[in-house]
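J.: Provided herewith is a single structure, encoded as structure tokens, for subsequent inquiry.
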There are 2 protein chains.
Amino acid sequence: MIKPRSRRGGGRPTIADVARRAGVGAITVSRALREPERVSEELRRQIQAAVDELGYVPDPNARALASARAEVFGVLVPSLTNNVFAEVVRGIYDSLSDSPFRIQLGNTHYSGLEEERLLQVFAPQRPAALIVAGIDQTPTSRKLLENAGCPVVQVMETGPDPVDMMVGFSHLDGGRTATEHLLEVGYRRIGFIGARMDPRSQRRLAGYRAAMEAAGLFDPRLVTTTPVPSSVSLGREMFRDALAKVPTLDAVFCNNDDIALGVLFECHRASIGVPKTIGIVGFNDLDMMQVAFPSITSIRTHRYEIGRRAVAMALAAIAGNRPEQRVVDLGFELKRRESSAR
Amino acid sequence: MIKPRSRRGGGRPTIADVARRAGVGAITVSRALREPERVSEELRRQIQAAVDELGYVPDPNARALASARAEVFGVLVPSLTNNVFAEVVRGIYDSLSDSPFRIQLGNTHYSGLEEERLLQVFAPQRPAALIVAGIDQTPTSRKLLENAGCPVVQVMETGPDPVDMMVGFSHLDGGRTATEHLLEVGYRRIGFIGARMDPRSQRRLAGYRAAMEAAGLFDPRLVTTTPVPSSVSLGREMFRDALAKVPTLDAVFCNNDDIALGVLFECHRASIGVPKTIGIVGFNDLDMMQVAFPSITSIRTHRYEIGRRAVAMALAAIAGNRPEQRVVDLGFELKRRESSAR
DNA sequence: AACCCGAATGGTAGCGCTACCAAATTGGCC
DNA sequence: GGCCAATTTGGTAGCGCTACCATTCGGGTT
């Protein structure tokens with residue numbers, strides 16, 4: 001006699017069940033849940049009671065279909081294991097954990113094509129916002145972002161031409177600051193060691209080069225790079241190569257902290273004095289940099305904060321008040337430590 | 001005169017558009033896309049042509065609503081920045097990148113309550129599978145998993161009572177193996193240093209204790225733990241504490257590699273000989289362990305493979321052939337290195 | 001020849017929700 | 001008292017897709 005439970009659904013209560021129980025229309029329940037201020041105090045209470053009794057949870061899929069907008073943030077990063085992006089992602093998660101928004105995370109593996117593919121997967125979901133790492137999207141990706149019909153935040157870097165919004169810092173300035181620091185302290189034959197030369201690393205290199213040229217000390221043989229993914233062991237190897245190439249090397253600015261750590265270990269192993277014989281500067285300032293012996297000078301970047309800020313900007317845009325400032329530069333800090341204290 | 005484009009949808013082509021173009025019924029298009037073998041060669045070609053011309057992409061939300069099943073894997077891990085889980089997650093992503101499945105990642109922050117909350121968010125989406133880290137779910141979480149109506153894989157650990165399937169290894173055996181190695185090499189006053197004592201760390205500690213007791217060398221003062229999240233700097237501090245407490249300490253088995261690295265750096269700083277005065281063993285075997293100077297002995301775990309295997313098992317279960325072996329132990333390897341080579 | 005069976009295709013009726021619009025109610029104002 | 005606007009509530013009609021069942025057709029079976 002009882003109306004058969006929906007043939008497919010697993011028997012979970014629907015909005016209609018709640019409406020019946022509360023003695024109101026389904027649409028009122030829907031409103032009470034999404035815009036409580038548009039429903040009278042009394043009905044709101046009744047509805048809340050019915051929701052609690054039945055254990056009703058709205059179906060996000062039905063919601064997305066009906067409203068043509070999913071409560072999902074699409075997030076694209078080049079790597080899941082690189083601590084730098086992991087921190088950004090953590091900032092995003094933490095900022096969104098109390099909101100109704102879910103997160104759809106994609107790993108582009110540092111590939112523009114993969115980024116395009118993922119964007120094509122994400123777009124049909126009609127996400128509420130998109131957060132992508134970097135500013136060097138392919139033309140196709142850029143168009144996909146522009147047509148996504150939702151707020152877009154490019155993170156990690158700042159640049160002149162945002163798709164929509166940006167949060168990051170200047171990697172070029174970071175590279176220059178690191179190099180100028182080494183020059184200032186008195187190093188002269190300063191090498192650059194860089195793995196996985198993604199666009200951000202390229203710009204750090206450009207900053208290094210600018211500083212070296214300004215000092216009249218640039219020499220292409222001082223630069224050692226590889227497209228191979230960065231790792232501590234790679235840092236060790238690359239440093240050996242660099243030293244073999246230029247035995248007079250007296251300092252290195254590393255692409256990132258993993259490489260720097262590899263350099264430090266190799267110096268230990270080969271009994272090369274740090275900072276006396278070789279100065280070392282890293283990039284990102286992972287926790288271990290200040291603990292290393294000797295502690296390693298590095299450029300501190302605000303990864304977690306970038307994630308948080310990106311979400312804050314996206315949420316503001318969703319709420320209708322797009323931030324005044326569309327490009328936010330969170331800067332960086334040079335952390336002077338023992339490895340460059342000549 | 002043209003039928004107005006759906007008032008809400010952004011004008012993307014729907015399955016009906018494709019059907020009209022191909023001159024077939026909508027349901028046939030749906031079938032051609034999902035079970036091509038049930039549609040004749042010819043229609044399949046026509047439909048594919050129409051799909052390509054229109055640039056049709058199925059709406060995942062509508063699909064999920066109609067089929068009461070979303071093409072989503074729910075993944076719950078305790079941390080996004082801990083390299084160990086990042087690797088598991090990477091394995092999951094890589095295994096799923098060619099499939100139609102998306103990934104819904106949740107960060108439990110090592111909290112059972114947060115895990116419950118996330119499970120309650122994930123369940124209404126009717127995911128195709130759930131992958132959760134650990135085997136110590138709260139009773140509520142366990143019930144949620146059992147009632148999820150989809151394959152469930154618990155990862156990182158093995159245990160006696162799987163909700164459904166399991167992939168991992170024995171942390172207790174890992175802890176015992178590490179400790180037995182130190183004993184075998186000749187260390188006697190072996191300490192245990194552990195941060196963020198999550199259930200897995202607890203079991204590593206239990207393995208340590210078992211080995212020490214078997215050798216008649218267990219002493220509670222040798223154990224130093226804290227609930228504080230693990231980091232290299234914390235490793236350094238904890239080692240100092242441990243040494244202050246037990247000056248005769250001659251080796252430490254660390255909870256994980258971050259701690260071990262902190263210990264190594266502190267030894268350098270305090271001019272304590274490794275492995276002569278202090279032996280060190282870590283856990284997980286991050287890349288940097290073999291590069292460190294001296295290189296650090298560690299228990300190598302197969303995180304990436306755990307992620308891949310979990311997906312493989314879930315996919316098999318979805319396809320209807322649940323694997324014979326519901327609990328898969330991927331083991332671990334003791335990597336003997338300089339830090340324990342007395 | 002009548003019958004059955006499987007393969008291929010299609011129609012109908014939702015899945016659970018919300019946009020849109022209509023209706024009812026209230027209150028303020030002249 | 002009557003009118004208008006604002007507020008609160010509800011009905012209807014989908015959103016784009018697939019489950020379920022019906023239909024058609026060709027080729028065996030008896």
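Chain lettering (A, B, ...) mirrors the order of the structure tokens, residue numbering begins at 1 for each chain separately, and ligand numbering begins at 1 in order of display.
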If you run DSSP over the backbone, which residues in range 101-327 of chain B end up alpha helix (DSSP H)? Put them as number ranges by chain.

T.: B: 112-122, 139-146, 171-185, 199-214, 232-245, 257-269, 303-318

J.: Would you list which chain C residues are within 12 Å of chain B using only C-alpha atoms (C1' of nucleotides), as a list in words?

T.: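 Listing them in order of chain and number gives DA7, DA8, DT9, DG10, DG11, DT12, DA13, DG14, DC15, DG16, DC17, DT18, DA19 and DC20 of chain C.
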
J.: Store the residues of this selection in a file with C-alpha atoms (C1' of nucleotides), as a PDB file, in the first residue's frame.

T.:
```pdb
ATOM      1  C1'  DA C   7      19.761  -9.173 -30.638  1.00  0.00           C
ATOM      2  C1'  DA C   8      18.986  -4.429 -31.662  1.00  0.00           C
ATOM      3  C1'  DT C   9      16.432  -0.335 -30.986  1.00  0.00           C
ATOM      4  C1'  DG C  10      13.214   2.826 -28.986  1.00  0.00           C
ATOM      5  C1'  DG C  11       9.549   5.079 -25.745  1.00  0.00           C
ATOM      6  C1'  DT C  12       8.288   6.345 -21.317  1.00  0.00           C
ATOM      7  C1'  DA C  13       8.952   7.646 -16.930  1.00  0.00           C
ATOM      8  C1'  DG C  14      11.371   9.037 -13.731  1.00  0.00           C
ATOM      9  C1'  DC C  15      16.231  10.231 -10.710  1.00  0.00           C
ATOM     10  C1'  DG C  16      15.983  14.550  -6.729  1.00  0.00           C
ATOM     11  C1'  DC C  17      16.376  18.890  -7.069  1.00  0.00           C
ATOM     12  C1'  DT C  18      15.676  24.049  -8.278  1.00  0.00           C
ATOM     13  C1'  DA C  19      14.296  28.119 -11.690  1.00  0.00           C
ATOM     14  C1'  DC C  20      10.489  30.447 -12.741  1.00  0.00           C
TER      15       DC C  20
END
```

J.: Each residue of chain A lying at most 7 Å from chain B should get a row with its shortest atom-to-atom pair and the distance in Å to one decimal, counting only C-alpha atoms; could you produce that, ordered by chain and increasing number, as a tab-separated table?

T.:
```
residue	atom	partner	partner_atom	distance
A:Arg8	CA	B:Ala68	CA	6.5
A:Gly9	CA	B:Ala68	CA	6.0
A:Val57	CA	B:Pro124	CA	6.9
A:Asp59	CA	B:Pro124	CA	5.8
A:Pro60	CA	B:Gln125	CA	6.3
A:Asn61	CA	B:Asn61	CA	5.0
A:Ala62	CA	B:Leu65	CA	5.7
A:Ala64	CA	B:Asn61	CA	6.3
A:Leu65	CA	B:Asn61	CA	5.7
A:Ala68	CA	B:Gly9	CA	6.0
A:Leu80	CA	B:Ala86	CA	6.1
A:Thr81	CA	B:Ala86	CA	5.2
A:Asn83	CA	B:Thr81	CA	6.3
A:Ala86	CA	B:Thr81	CA	5.2
A:Glu87	CA	B:Thr81	CA	6.2
A:Arg90	CA	B:Leu80	CA	6.2
A:Ile103	CA	B:Gln104	CA	6.6
A:Gln104	CA	B:Gln104	CA	6.0
A:Pro124	CA	B:Asp59	CA	5.9
A:Gln125	CA	B:Pro60	CA	6.3
A:Val232	CA	B:Met288	CA	5.4
A:Ser233	CA	B:Val291	CA	5.6
A:Gly262	CA	B:Val291	CA	6.9
A:Phe265	CA	B:Phe293	CA	5.6
A:His268	CA	B:Phe293	CA	6.5
A:Arg269	CA	B:Phe293	CA	6.2
A:Asp287	CA	B:Val232	CA	6.9
A:Met288	CA	B:Val232	CA	5.4
A:Val291	CA	B:Ser233	CA	5.6
A:Ala292	CA	B:Phe265	CA	5.6
A:Phe293	CA	B:Phe265	CA	5.6
```

J.: Could you work out which residues of chain D fall inside 12 Å of chain B? Count only C-alpha atoms (C1' of nucleotides), and format the result as a compact mmCIF listing (two decimals) with N, CA, C and O atoms (P, O5', C5', C4', C3', O3' and C1' of nucleotides), in the first residue's frame.

T.:
```
# COMPACT_ATOMS: atom_id res chain seq x y z
P DA D 13 3.05 22.02 -15.97
O5' DA D 13 4.55 22.23 -16.44
C5' DA D 13 5.09 23.57 -16.51
C4' DA D 13 6.59 23.47 -16.62
C3' DA D 13 7.09 22.35 -17.54
O3' DA D 13 8.15 22.87 -18.30
C1' DA D 13 8.08 22.13 -15.43
P DG D 14 8.55 22.16 -19.63
O5' DG D 14 8.94 20.71 -19.06
C5' DG D 14 10.26 20.21 -19.23
C4' DG D 14 11.27 21.16 -18.64
C3' DG D 14 12.68 20.59 -18.70
O3' DG D 14 13.58 21.57 -19.13
C1' DG D 14 12.01 20.89 -16.43
P DC D 15 14.79 21.12 -20.04
O5' DC D 15 16.00 20.95 -19.03
C5' DC D 15 16.59 22.06 -18.37
C4' DC D 15 17.68 21.53 -17.46
C3' DC D 15 18.46 20.37 -18.04
O3' DC D 15 19.68 20.88 -18.55
C1' DC D 15 17.74 19.92 -15.75
P DG D 16 20.07 20.63 -20.09
O5' DG D 16 20.63 19.14 -20.10
C5' DG D 16 21.76 18.82 -19.32
C4' DG D 16 21.80 17.32 -19.15
C3' DG D 16 21.81 16.53 -20.45
O3' DG D 16 22.94 15.68 -20.42
C1' DG D 16 20.19 15.67 -18.97
P DC D 17 23.28 14.60 -21.48
O5' DC D 17 22.80 13.27 -20.77
C5' DC D 17 23.54 12.79 -19.66
C4' DC D 17 22.71 11.85 -18.84
C3' DC D 17 22.48 10.47 -19.47
O3' DC D 17 23.50 9.59 -18.99
C1' DC D 17 20.50 11.33 -18.39
P DT D 18 23.62 8.13 -19.61
O5' DT D 18 22.54 7.30 -18.79
C5' DT D 18 22.69 7.18 -17.39
C4' DT D 18 21.52 6.40 -16.83
C3' DT D 18 21.39 4.97 -17.35
O3' DT D 18 20.90 4.19 -16.25
C1' DT D 18 19.41 6.13 -17.80
P DA D 19 21.20 2.65 -16.18
O5' DA D 19 19.82 2.08 -15.61
C5' DA D 19 19.38 2.51 -14.32
C4' DA D 19 17.93 2.08 -14.12
C3' DA D 19 17.66 0.62 -14.42
O3' DA D 19 16.70 0.13 -13.47
C1' DA D 19 16.37 1.98 -15.88
P DC D 20 16.33 -1.36 -13.43
O5' DC D 20 14.98 -1.38 -14.28
C5' DC D 20 13.93 -0.46 -13.95
C4' DC D 20 12.85 -0.58 -14.99
C3' DC D 20 12.57 -2.00 -15.47
O3' DC D 20 11.19 -2.28 -15.30
C1' DC D 20 12.81 -0.54 -17.30
```

J.: List the spatial neighbours of Asp164 in chain A as a PyMOL selection string - criterion: any atom at most 10 Å away, only C-alpha atoms (C1' of nucleotides), same-chain residues fewer than 6 positions off excluded.

T.: chain A and resi 145-146+150-154+314+322+326-327

J.: As a tab-separated table (two decimals) with all heavy atoms, in the first residue's frame, list the residues of range 76-265 of chain A assigned to strand (DSSP E) by DSSP on the backbone atoms of this structure.

T.:
```tsv
chain	number	residue	atom	x	y	z
A	76	LEU	N	43.78	22.47	-10.26
A	76	LEU	CA	44.77	21.81	-11.10
A	76	LEU	C	46.18	22.16	-10.65
A	76	LEU	O	46.55	23.34	-10.62
A	76	LEU	CB	44.60	22.25	-12.56
A	76	LEU	CG	43.40	21.66	-13.27
A	76	LEU	CD1	43.33	22.17	-14.70
A	76	LEU	CD2	43.50	20.14	-13.28
A	77	VAL	N	46.94	21.15	-10.28
A	77	VAL	CA	48.34	21.37	-9.89
A	77	VAL	C	49.24	20.43	-10.69
A	77	VAL	O	48.78	19.39	-11.16
A	77	VAL	CB	48.55	21.13	-8.38
A	77	VAL	CG1	47.84	22.20	-7.57
A	77	VAL	CG2	48.09	19.74	-7.99
A	102	ARG	N	32.91	21.04	-2.50
A	102	ARG	CA	33.83	19.91	-2.60
A	102	ARG	C	35.00	20.33	-3.48
A	102	ARG	O	34.97	21.38	-4.10
A	102	ARG	CB	33.13	18.71	-3.24
A	102	ARG	CG	32.04	18.12	-2.39
A	102	ARG	CD	31.16	17.21	-3.22
A	102	ARG	NE	30.27	17.99	-4.08
A	102	ARG	CZ	29.81	17.58	-5.26
A	102	ARG	NH1	30.15	16.40	-5.73
A	102	ARG	NH2	29.00	18.34	-5.97
A	103	ILE	N	36.02	19.49	-3.52
A	103	ILE	CA	37.19	19.81	-4.34
A	103	ILE	C	37.46	18.70	-5.33
A	103	ILE	O	37.45	17.52	-4.99
A	103	ILE	CB	38.42	20.04	-3.44
A	103	ILE	CG1	38.22	21.27	-2.58
A	103	ILE	CG2	39.67	20.20	-4.31
A	103	ILE	CD1	39.18	21.38	-1.45
A	104	GLN	N	37.67	19.12	-6.55
A	104	GLN	CA	38.03	18.17	-7.60
A	104	GLN	C	39.47	18.49	-7.95
A	104	GLN	O	39.76	19.51	-8.56
A	104	GLN	CB	37.10	18.41	-8.78
A	104	GLN	CG	37.31	17.48	-9.92
A	104	GLN	CD	36.67	16.17	-9.59
A	104	GLN	OE1	35.52	16.14	-9.22
A	104	GLN	NE2	37.42	15.10	-9.71
A	105	LEU	N	40.38	17.59	-7.56
A	105	LEU	CA	41.80	17.86	-7.74
A	105	LEU	C	42.32	17.14	-8.98
A	105	LEU	O	42.03	15.97	-9.18
A	105	LEU	CB	42.53	17.37	-6.49
A	105	LEU	CG	44.00	17.70	-6.35
A	105	LEU	CD1	44.25	19.19	-6.33
A	105	LEU	CD2	44.53	17.07	-5.06
A	106	GLY	N	43.08	17.85	-9.79
A	106	GLY	CA	43.67	17.22	-10.97
A	106	GLY	C	45.18	17.39	-10.97
A	106	GLY	O	45.69	18.41	-10.53
A	107	ASN	N	45.87	16.38	-11.44
A	107	ASN	CA	47.34	16.40	-11.50
A	107	ASN	C	47.78	16.52	-12.95
A	107	ASN	O	47.61	15.60	-13.74
A	107	ASN	CB	47.86	15.09	-10.89
A	107	ASN	CG	49.37	14.98	-10.90
A	107	ASN	OD1	50.05	15.88	-11.37
A	107	ASN	ND2	49.88	13.89	-10.38
A	129	ALA	N	34.13	27.20	-9.14
A	129	ALA	CA	35.34	27.99	-9.33
A	129	ALA	C	36.46	27.08	-9.80
A	129	ALA	O	36.41	25.87	-9.60
A	129	ALA	CB	35.75	28.70	-8.04
A	130	LEU	N	37.46	27.67	-10.44
A	130	LEU	CA	38.62	26.90	-10.87
A	130	LEU	C	39.88	27.56	-10.33
A	130	LEU	O	40.03	28.79	-10.40
A	130	LEU	CB	38.69	26.85	-12.40
A	130	LEU	CG	37.68	25.93	-13.10
A	130	LEU	CD1	37.69	26.15	-14.60
A	130	LEU	CD2	38.01	24.46	-12.79
A	131	ILE	N	40.78	26.74	-9.78
A	131	ILE	CA	42.07	27.24	-9.33
A	131	ILE	C	43.14	26.46	-10.08
A	131	ILE	O	43.16	25.23	-10.05
A	131	ILE	CB	42.23	27.04	-7.81
A	131	ILE	CG1	41.15	27.82	-7.05
A	131	ILE	CG2	43.62	27.48	-7.36
A	131	ILE	CD1	41.19	27.64	-5.54
A	132	VAL	N	43.98	27.16	-10.80
A	132	VAL	CA	45.02	26.48	-11.57
A	132	VAL	C	46.39	27.03	-11.20
A	132	VAL	O	46.53	28.22	-10.92
A	132	VAL	CB	44.80	26.63	-13.08
A	132	VAL	CG1	43.46	26.05	-13.50
A	132	VAL	CG2	44.88	28.09	-13.51
A	133	ALA	N	47.38	26.15	-11.22
A	133	ALA	CA	48.74	26.59	-10.91
A	133	ALA	C	49.40	27.14	-12.15
A	133	ALA	O	49.30	26.56	-13.24
A	133	ALA	CB	49.54	25.42	-10.35
A	152	VAL	N	37.97	32.22	-11.82
A	152	VAL	CA	39.19	31.46	-12.07
A	152	VAL	C	40.33	32.14	-11.31
A	152	VAL	O	40.46	33.37	-11.37
A	152	VAL	CB	39.53	31.45	-13.57
A	152	VAL	CG1	40.88	30.82	-13.82
A	152	VAL	CG2	38.44	30.74	-14.36
A	153	VAL	N	41.10	31.37	-10.58
A	153	VAL	CA	42.27	31.95	-9.90
A	153	VAL	C	43.53	31.21	-10.34
A	153	VAL	O	43.62	29.99	-10.22
A	153	VAL	CB	42.15	31.86	-8.36
A	153	VAL	CG1	43.25	32.70	-7.71
A	153	VAL	CG2	40.78	32.32	-7.88
A	154	GLN	N	44.46	31.96	-10.88
A	154	GLN	CA	45.77	31.38	-11.22
A	154	GLN	C	46.67	31.59	-10.00
A	154	GLN	O	46.75	32.70	-9.48
A	154	GLN	CB	46.34	32.09	-12.45
A	154	GLN	CG	45.57	31.78	-13.72
A	154	GLN	CD	45.87	32.78	-14.82
A	154	GLN	OE1	45.46	33.93	-14.74
A	154	GLN	NE2	46.57	32.34	-15.85
A	155	VAL	N	47.32	30.54	-9.55
A	155	VAL	CA	48.11	30.67	-8.33
A	155	VAL	C	49.59	30.35	-8.54
A	155	VAL	O	49.98	29.80	-9.56
A	155	VAL	CB	47.56	29.74	-7.21
A	155	VAL	CG1	46.17	30.17	-6.79
A	155	VAL	CG2	47.59	28.29	-7.65
A	156	MET	N	50.38	30.71	-7.54
A	156	MET	CA	51.83	30.48	-7.48
A	156	MET	C	52.64	31.62	-8.08
A	156	MET	O	53.75	31.88	-7.67
A	156	MET	CB	52.25	29.18	-8.17
A	156	MET	CG	51.84	27.92	-7.49
A	156	MET	SD	52.14	27.99	-5.72
A	156	MET	CE	53.92	27.89	-5.67
A	157	GLU	N	52.09	32.27	-9.08
A	157	GLU	CA	52.85	33.30	-9.76
A	157	GLU	C	51.98	34.52	-9.97
A	157	GLU	O	50.76	34.42	-10.03
A	157	GLU	CB	53.21	32.81	-11.17
A	157	GLU	CG	54.38	31.91	-11.22
A	157	GLU	CD	54.78	31.71	-12.66
A	157	GLU	OE1	55.52	32.55	-13.18
A	157	GLU	OE2	54.34	30.72	-13.26
A	165	MET	N	41.65	36.09	-11.90
A	165	MET	CA	42.35	36.56	-10.71
A	165	MET	C	43.68	35.80	-10.57
A	165	MET	O	43.88	34.77	-11.20
A	165	MET	CB	41.47	36.34	-9.48
A	165	MET	CG	40.19	37.18	-9.52
A	165	MET	SD	39.08	36.84	-8.14
A	165	MET	CE	38.31	35.32	-8.66
A	166	MET	N	44.53	36.32	-9.74
A	166	MET	CA	45.85	35.72	-9.54
A	166	MET	C	46.31	35.90	-8.11
A	166	MET	O	46.08	36.96	-7.52
A	166	MET	CB	46.88	36.44	-10.40
A	166	MET	CG	47.09	35.86	-11.76
A	166	MET	SD	48.41	36.77	-12.60
A	166	MET	CE	48.35	35.93	-14.18
A	167	VAL	N	46.99	34.89	-7.57
A	167	VAL	CA	47.67	35.02	-6.27
A	167	VAL	C	49.00	34.33	-6.37
A	167	VAL	O	49.07	33.16	-6.76
A	167	VAL	CB	46.92	34.32	-5.13
A	167	VAL	CG1	47.49	34.76	-3.79
A	167	VAL	CG2	45.44	34.58	-5.19
A	168	GLY	N	50.06	35.03	-6.02
A	168	GLY	CA	51.36	34.40	-6.09
A	168	GLY	C	52.46	35.38	-5.77
A	168	GLY	O	52.28	36.25	-4.93
A	169	PHE	N	53.57	35.22	-6.43
A	169	PHE	CA	54.68	36.14	-6.23
A	169	PHE	C	55.55	36.08	-7.47
A	169	PHE	O	55.33	35.26	-8.36
A	169	PHE	CB	55.48	35.77	-4.98
A	169	PHE	CG	56.08	34.39	-5.06
A	169	PHE	CD1	57.40	34.21	-5.46
A	169	PHE	CD2	55.33	33.28	-4.73
A	169	PHE	CE1	57.94	32.93	-5.55
A	169	PHE	CE2	55.87	32.00	-4.82
A	169	PHE	CZ	57.18	31.83	-5.23
A	190	ILE	N	79.19	32.18	-8.92
A	190	ILE	CA	77.94	31.62	-8.40
A	190	ILE	C	77.23	30.81	-9.48
A	190	ILE	O	76.90	31.33	-10.54
A	190	ILE	CB	77.00	32.75	-7.93
A	190	ILE	CG1	77.72	33.61	-6.87
A	190	ILE	CG2	75.70	32.19	-7.39
A	190	ILE	CD1	77.01	34.92	-6.57
A	191	GLY	N	77.01	29.54	-9.20
A	191	GLY	CA	76.33	28.68	-10.17
A	191	GLY	C	74.83	28.65	-9.95
A	191	GLY	O	74.33	28.98	-8.87
A	192	PHE	N	74.13	28.24	-10.98
A	192	PHE	CA	72.69	28.00	-10.86
A	192	PHE	C	72.46	26.53	-11.14
A	192	PHE	O	72.93	26.00	-12.15
A	192	PHE	CB	71.91	28.84	-11.86
A	192	PHE	CG	70.42	28.58	-11.86
A	192	PHE	CD1	69.56	29.35	-11.08
A	192	PHE	CD2	69.88	27.55	-12.62
A	192	PHE	CE1	68.19	29.09	-11.07
A	192	PHE	CE2	68.51	27.28	-12.62
A	192	PHE	CZ	67.67	28.06	-11.82
A	193	ILE	N	71.77	25.85	-10.24
A	193	ILE	CA	71.45	24.44	-10.47
A	193	ILE	C	69.95	24.30	-10.45
A	193	ILE	O	69.29	24.65	-9.47
A	193	ILE	CB	72.07	23.54	-9.39
A	193	ILE	CG1	73.59	23.68	-9.43
A	193	ILE	CG2	71.66	22.09	-9.62
A	193	ILE	CD1	74.30	22.73	-8.50
A	194	GLY	N	69.40	23.79	-11.54
A	194	GLY	CA	67.94	23.68	-11.63
A	194	GLY	C	67.47	22.39	-12.27
A	194	GLY	O	67.93	22.02	-13.34
A	223	VAL	N	75.68	27.75	-15.38
A	223	VAL	CA	74.28	27.29	-15.31
A	223	VAL	C	74.17	25.80	-15.64
A	223	VAL	O	74.64	25.36	-16.68
A	223	VAL	CB	73.40	28.10	-16.28
A	223	VAL	CG1	71.98	27.55	-16.29
A	223	VAL	CG2	73.42	29.58	-15.91
A	224	THR	N	73.59	25.04	-14.73
A	224	THR	CA	73.37	23.62	-14.94
A	224	THR	C	71.89	23.31	-14.75
A	224	THR	O	71.36	23.50	-13.66
A	224	THR	CB	74.19	22.79	-13.91
A	224	THR	OG1	75.53	23.26	-13.90
A	224	THR	CG2	74.16	21.31	-14.26
A	225	THR	N	71.25	22.86	-15.81
A	225	THR	CA	69.82	22.54	-15.68
A	225	THR	C	69.51	21.19	-16.30
A	225	THR	O	70.30	20.65	-17.07
A	225	THR	CB	68.93	23.58	-16.38
A	225	THR	OG1	69.18	23.51	-17.79
A	225	THR	CG2	69.20	24.98	-15.89
A	251	ALA	N	79.78	29.19	-5.11
A	251	ALA	CA	78.44	29.18	-4.51
A	251	ALA	C	77.44	28.64	-5.52
A	251	ALA	O	77.72	28.61	-6.72
A	251	ALA	CB	78.03	30.59	-4.09
A	252	VAL	N	76.30	28.18	-5.03
A	252	VAL	CA	75.23	27.75	-5.94
A	252	VAL	C	73.89	28.27	-5.44
A	252	VAL	O	73.60	28.24	-4.25
A	252	VAL	CB	75.13	26.22	-6.09
A	252	VAL	CG1	76.25	25.68	-6.95
A	252	VAL	CG2	75.11	25.52	-4.74
A	253	PHE	N	73.10	28.76	-6.39
A	253	PHE	CA	71.70	29.08	-6.11
A	253	PHE	C	70.90	27.94	-6.71
A	253	PHE	O	71.00	27.66	-7.90
A	253	PHE	CB	71.31	30.41	-6.75
A	253	PHE	CG	69.82	30.64	-6.80
A	253	PHE	CD1	69.00	30.35	-5.71
A	253	PHE	CD2	69.23	31.15	-7.95
A	253	PHE	CE1	67.64	30.56	-5.76
A	253	PHE	CE2	67.86	31.37	-8.01
A	253	PHE	CZ	67.06	31.07	-6.92
A	254	CYS	N	70.14	27.25	-5.88
A	254	CYS	CA	69.40	26.08	-6.34
A	254	CYS	C	67.95	26.44	-6.57
A	254	CYS	O	67.32	27.13	-5.77
A	254	CYS	CB	69.50	24.95	-5.32
A	254	CYS	SG	71.20	24.52	-4.94
```

J.: Separation of CA of Pro275 in chain A and CA of Leu182 in chain A, in Å?

T.: 10.7 Å
